[in-house]
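Notes follow the structure.
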Amino acid sequence: MAKRLYQVWKGSNKFLLGGRLIFGPDARSMIFTLLLIIVPVIVFCVCVAWHLRHQFSPHNAGYAVLVATIIFTIYVLVLLFLTSVRDPGIVPRNSHPPEEDIRYDTSASIEVGGRRTPSVQFPRTKEVIVNGIPIRVKYCDTCMLYRPPRCSHCSICNNCVERFDHHCPWVGQCIGIRNYRFFFCFVSSSTLLCIYVFSMSAFYIKVLMDDHQGTVWLAMKKSPASVILMAYCFISLWFVGGLTSFHLYLISSNQTTYENFRYRADNRINVHDRGCLSNFLEVFCTTIKPSRNDFRSFVQEELQRPHLPSTREAESEDFGDDRRAKVEDDLDIGGDLLKISQRHSIEDIESEIRSRGSDVPNHNSSDIDSVLGSDRRPPTVRSQSDTWRSSMGRRSESWEIAPEVLGMNSNGT
């Protein structure tokens, strides 16, 4: 039965509304981010903005403070929503490795279906040209593709993402080519909202000081909510304000967070930098690429392809099989040599007993059997057994028959 793509998606994403909304695996963290925005705004509207509605002329102009807060908060929440619920630029996976890049190693073959076939190998890197400069892209074993330039595999979402910037736990989503613009607008708008709430709260403290002709401490006692909001916005500004400044620098130099942290010490040439103005235009004024994945489309579930062991696995398995076969052959040879050694030992015992026939005329075959069945072995048997043990102690890969055994065999025949 055919299923929709989001139902068989191999990444770690979570889907809602039949695949229309796509989240990262840590989408619940967005609820915490919503609370960090909505709760302070509600406190501000109730405890500060409502009391400022009559503080501006004309008399009802103060309502603009309350209305502006609500509209601006909705704008920030919409940007958070657009950042979190859309495809960040996921590169579709391949169901099998790219055939044009397959290389067959005939020197290291593997056994499939009773036949020896060459092992499959893939170059780990591939060279492409970006702005006239050659760069290397890596092969992704999980997605079975060569990653496009500036693409990286997110270990949290388990997807390759175009122009991968980072995985943001605050929005529960990867930041890539399709949502980076909304992410920056969300961070910068949050910074402006913090500045706005801080400024209006400080203004309300000033209004209380003028109305009651008191000190700042008296005004703060009359509106502790304003003090809490000012402290909260001041701390938040260190985070969202610093993040905004950092991404302004990244945009001006056309870098991603991943590239900045990974290649900072390498002193590499930034092949993507086209100048400050062009870099800003690229981020904010270009058309957002459509998603390369139609998560609501119907697909057929593919059968699992048989696992082809790598060259190293094949070599280890083949070596193990050859070694086991070699040991078995060595044991067969050793068994034959042991029989030969025992046979010559018996012949020596019989000849010794016969040589004593004049002294002990009544010896017969039962005497021989009693000698062979005794626990005490003649010295000749012990020395030949020791020779056999020394031969068995050799490595199975370079089996050699001991010269003592060969000499004994030639003398016996």
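Following the order of the structure tokens, first chain is A, next is B, and so on, with residues numbered from 1 inside each chain and ligands from 1 in the order they appear.
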TODO: Looking only at alpha helix (DSSP H) from DSSP on the backbone, list the matching residues of region 201-253 of chain A as a ChimeraX atom specification.
DONE: /A:201-212,216-222,224-236,242-252
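Distance annotation: of A:Gln55, A:Ile269, A:Gly89, A:Ser252, the residue with the minimal separation from Asp211 (chain A) is A:Gln55; atom set is only C-alpha atoms.
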Task: Between CA of Arg262 (chain A) and CA of Pro169 (chain A) - distance in Å to one decimal - done: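 Taking CA of Pro169 (chain A) as the start and CA of Arg262 (chain A) as the end point, the length is 19.4 Å.
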Open item on the list: If we count only C-alpha atoms and set the cut-off at 9 Å, which residues sit around Leu193 (chain A), ignoring sequence neighbours fewer than 4 positions away in its own chain? Please answer as a ChimeraX atom specification.
Closed with: /A:69,72-73,76,188-189,197-198,233
Open item on the list: I'd like the contact shell of Ile288 (chain A) - 12 Å cut-off, only C-alpha atoms, skipping same-chain residues fewer than 3 positions apart - returned as an MDAnalysis selection string.
Closed with: chainID A and resid 86:89 176:182 282:285 291:292
- [ ] Excluding Ile70 (chain A) and residues on its chain fewer than 5 positions from it, collect all residues at most 10 Å away from it, counting only C-alpha atoms, and give them as a list in words.
- [x] Ile38, Val41, Ile42, Cys45, Ala64, Val65 and Tyr75 of chain A
Selection above as a file: C-alpha atoms, as a short mmCIF file (atom, residue, chain, number, x, y, z; two decimals), in the first residue's frame:
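This is the output file result.cif:
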```
data_model
loop_
_atom_site.label_atom_id
_atom_site.label_comp_id
_atom_site.auth_asym_id
_atom_site.auth_seq_id
_atom_site.Cartn_x
_atom_site.Cartn_y
_atom_site.Cartn_z
CA ILE A 38 4.21 35.57 25.88
CA VAL A 41 4.35 40.55 27.33
CA ILE A 42 1.14 39.76 29.22
CA CYS A 45 0.33 44.83 29.02
CA ALA A 64 -0.99 53.03 21.04
CA VAL A 65 1.53 51.65 23.54
CA TYR A 75 4.91 39.61 14.47
#
```
Task: From A:Asn13, A:Ser253, A:Asn293, A:Thr191, residue lying nearest Phe234 (chain A) [only C-alpha atoms] - done: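 Among the listed residues, the smallest separation from Phe234 (chain A) belongs to A:Thr191.
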- [ ] Provide the CA of Asn131 (chain A) to CA of Val91 (chain A) distance in Å, to one decimal place.
- [x]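 A separation of 21.7 Å between them.
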- [ ] Would you kindly return, as a ChimeraX atom specification, each protein, DNA or RNA residue with an atom no farther than 12 Å from any atom of Val46 (chain A), considering only C-alpha atoms and excluding same-chain residues fewer than 6 positions away?
- [x] /A:39-40,52-53,65-66,69-70,201,223,225-226
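Reported to one decimal place, the separation of CA of Tyr249 (chain A) from CA of Leu277 (chain A) is 12.2 Å.
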Task: Contacts of Val299 (chain A) within 7 Å, only C-alpha atoms, excl. fewer than 2 positions in-chain, as a ChimeraX atom specification - done: /A:2-5,297,301
Kindly export the residues of the current selection with C-alpha atoms, as a compact mmCIF listing (two decimals), in the first residue's frame.
```txt
# COMPACT_ATOMS: atom_id res chain seq x y z
CA ALA A 2 1.35 3.44 -0.96
CA LYS A 3 2.21 5.81 1.87
CA ARG A 4 2.97 9.50 1.98
CA LEU A 5 6.59 10.58 2.08
CA SER A 297 3.31 12.90 -2.04
CA GLU A 301 8.12 1.61 0.24
```
- [ ] as a PyMOL selection string, please: all residues of region 52-193 of chain A that backbone DSSP puts in strand (DSSP E or B).
- [x] chain A and resi 90+103-112+115-121+125-130+133-140+145-146+152-154+159-161+166-168+173-175
Output for the residues just chosen: C-alpha atoms as a PDB file, in the first residue's frame:
```pdb
ATOM      1  CA  ILE A  90      16.605  19.299   3.494  1.00  0.00           C
ATOM      2  CA  ARG A 103      34.313   2.384  -8.315  1.00  0.00           C
ATOM      3  CA  TYR A 104      34.956  -1.326  -8.358  1.00  0.00           C
ATOM      4  CA  ASP A 105      38.015  -2.709  -6.634  1.00  0.00           C
ATOM      5  CA  THR A 106      38.896  -5.976  -8.366  1.00  0.00           C
ATOM      6  CA  SER A 107      41.785  -6.646  -5.981  1.00  0.00           C
ATOM      7  CA  ALA A 108      39.391  -6.955  -3.020  1.00  0.00           C
ATOM      8  CA  SER A 109      36.348  -8.953  -4.035  1.00  0.00           C
ATOM      9  CA  ILE A 110      33.405 -10.062  -1.918  1.00  0.00           C
ATOM     10  CA  GLU A 111      31.190 -13.123  -2.113  1.00  0.00           C
ATOM     11  CA  VAL A 112      27.510 -12.528  -2.935  1.00  0.00           C
ATOM     12  CA  ARG A 115      30.006 -15.672  -6.603  1.00  0.00           C
ATOM     13  CA  ARG A 116      33.030 -13.491  -6.155  1.00  0.00           C
ATOM     14  CA  THR A 117      32.292  -9.915  -7.223  1.00  0.00           C
ATOM     15  CA  PRO A 118      34.427  -6.772  -7.028  1.00  0.00           C
ATOM     16  CA  SER A 119      33.840  -4.658  -3.909  1.00  0.00           C
ATOM     17  CA  VAL A 120      32.137  -1.272  -4.246  1.00  0.00           C
ATOM     18  CA  GLN A 121      34.034   1.844  -3.217  1.00  0.00           C
ATOM     19  CA  THR A 125      35.442  13.707  -1.444  1.00  0.00           C
ATOM     20  CA  LYS A 126      34.591  15.262  -4.761  1.00  0.00           C
ATOM     21  CA  GLU A 127      35.821  18.509  -6.294  1.00  0.00           C
ATOM     22  CA  VAL A 128      33.373  21.166  -7.506  1.00  0.00           C
ATOM     23  CA  ILE A 129      33.844  24.743  -8.725  1.00  0.00           C
ATOM     24  CA  VAL A 130      32.324  27.639  -6.722  1.00  0.00           C
ATOM     25  CA  ILE A 133      37.528  28.322  -7.129  1.00  0.00           C
ATOM     26  CA  PRO A 134      37.657  24.511  -6.686  1.00  0.00           C
ATOM     27  CA  ILE A 135      36.405  23.210  -3.344  1.00  0.00           C
ATOM     28  CA  ARG A 136      35.888  19.696  -2.023  1.00  0.00           C
ATOM     29  CA  VAL A 137      32.535  18.313  -0.976  1.00  0.00           C
ATOM     30  CA  LYS A 138      32.139  15.213   1.151  1.00  0.00           C
ATOM     31  CA  TYR A 139      30.164  12.046   0.621  1.00  0.00           C
ATOM     32  CA  CYS A 140      27.403  11.407   3.181  1.00  0.00           C
ATOM     33  CA  LEU A 145      24.967  11.535  -1.757  1.00  0.00           C
ATOM     34  CA  TYR A 146      27.702  14.079  -2.235  1.00  0.00           C
ATOM     35  CA  SER A 152      26.142  19.637   6.230  1.00  0.00           C
ATOM     36  CA  HIS A 153      24.484  16.682   7.939  1.00  0.00           C
ATOM     37  CA  CYS A 154      22.639  17.586  11.147  1.00  0.00           C
ATOM     38  CA  ASN A 159      19.256  15.190   7.507  1.00  0.00           C
ATOM     39  CA  CYS A 160      21.591  16.933   5.120  1.00  0.00           C
ATOM     40  CA  VAL A 161      20.612  20.625   5.060  1.00  0.00           C
ATOM     41  CA  HIS A 166      23.212  25.430  13.032  1.00  0.00           C
ATOM     42  CA  HIS A 167      20.538  23.493  14.861  1.00  0.00           C
ATOM     43  CA  CYS A 168      18.713  25.910  17.156  1.00  0.00           C
ATOM     44  CA  GLN A 173      14.612  23.184  14.073  1.00  0.00           C
ATOM     45  CA  CYS A 174      17.672  23.323  11.836  1.00  0.00           C
ATOM     46  CA  ILE A 175      18.545  26.720  10.396  1.00  0.00           C
TER      47      ILE A 175
END
```
- [ ] Name the closest residue to Ile31 (chain A) among the candidates A:Tyr232, A:Tyr6, A:Trp170, A:Phe15; distances are taken between atoms, counting only C-alpha atoms.
- [x]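 Distance minimum relative to Ile31 (chain A) lands on A:Trp170.
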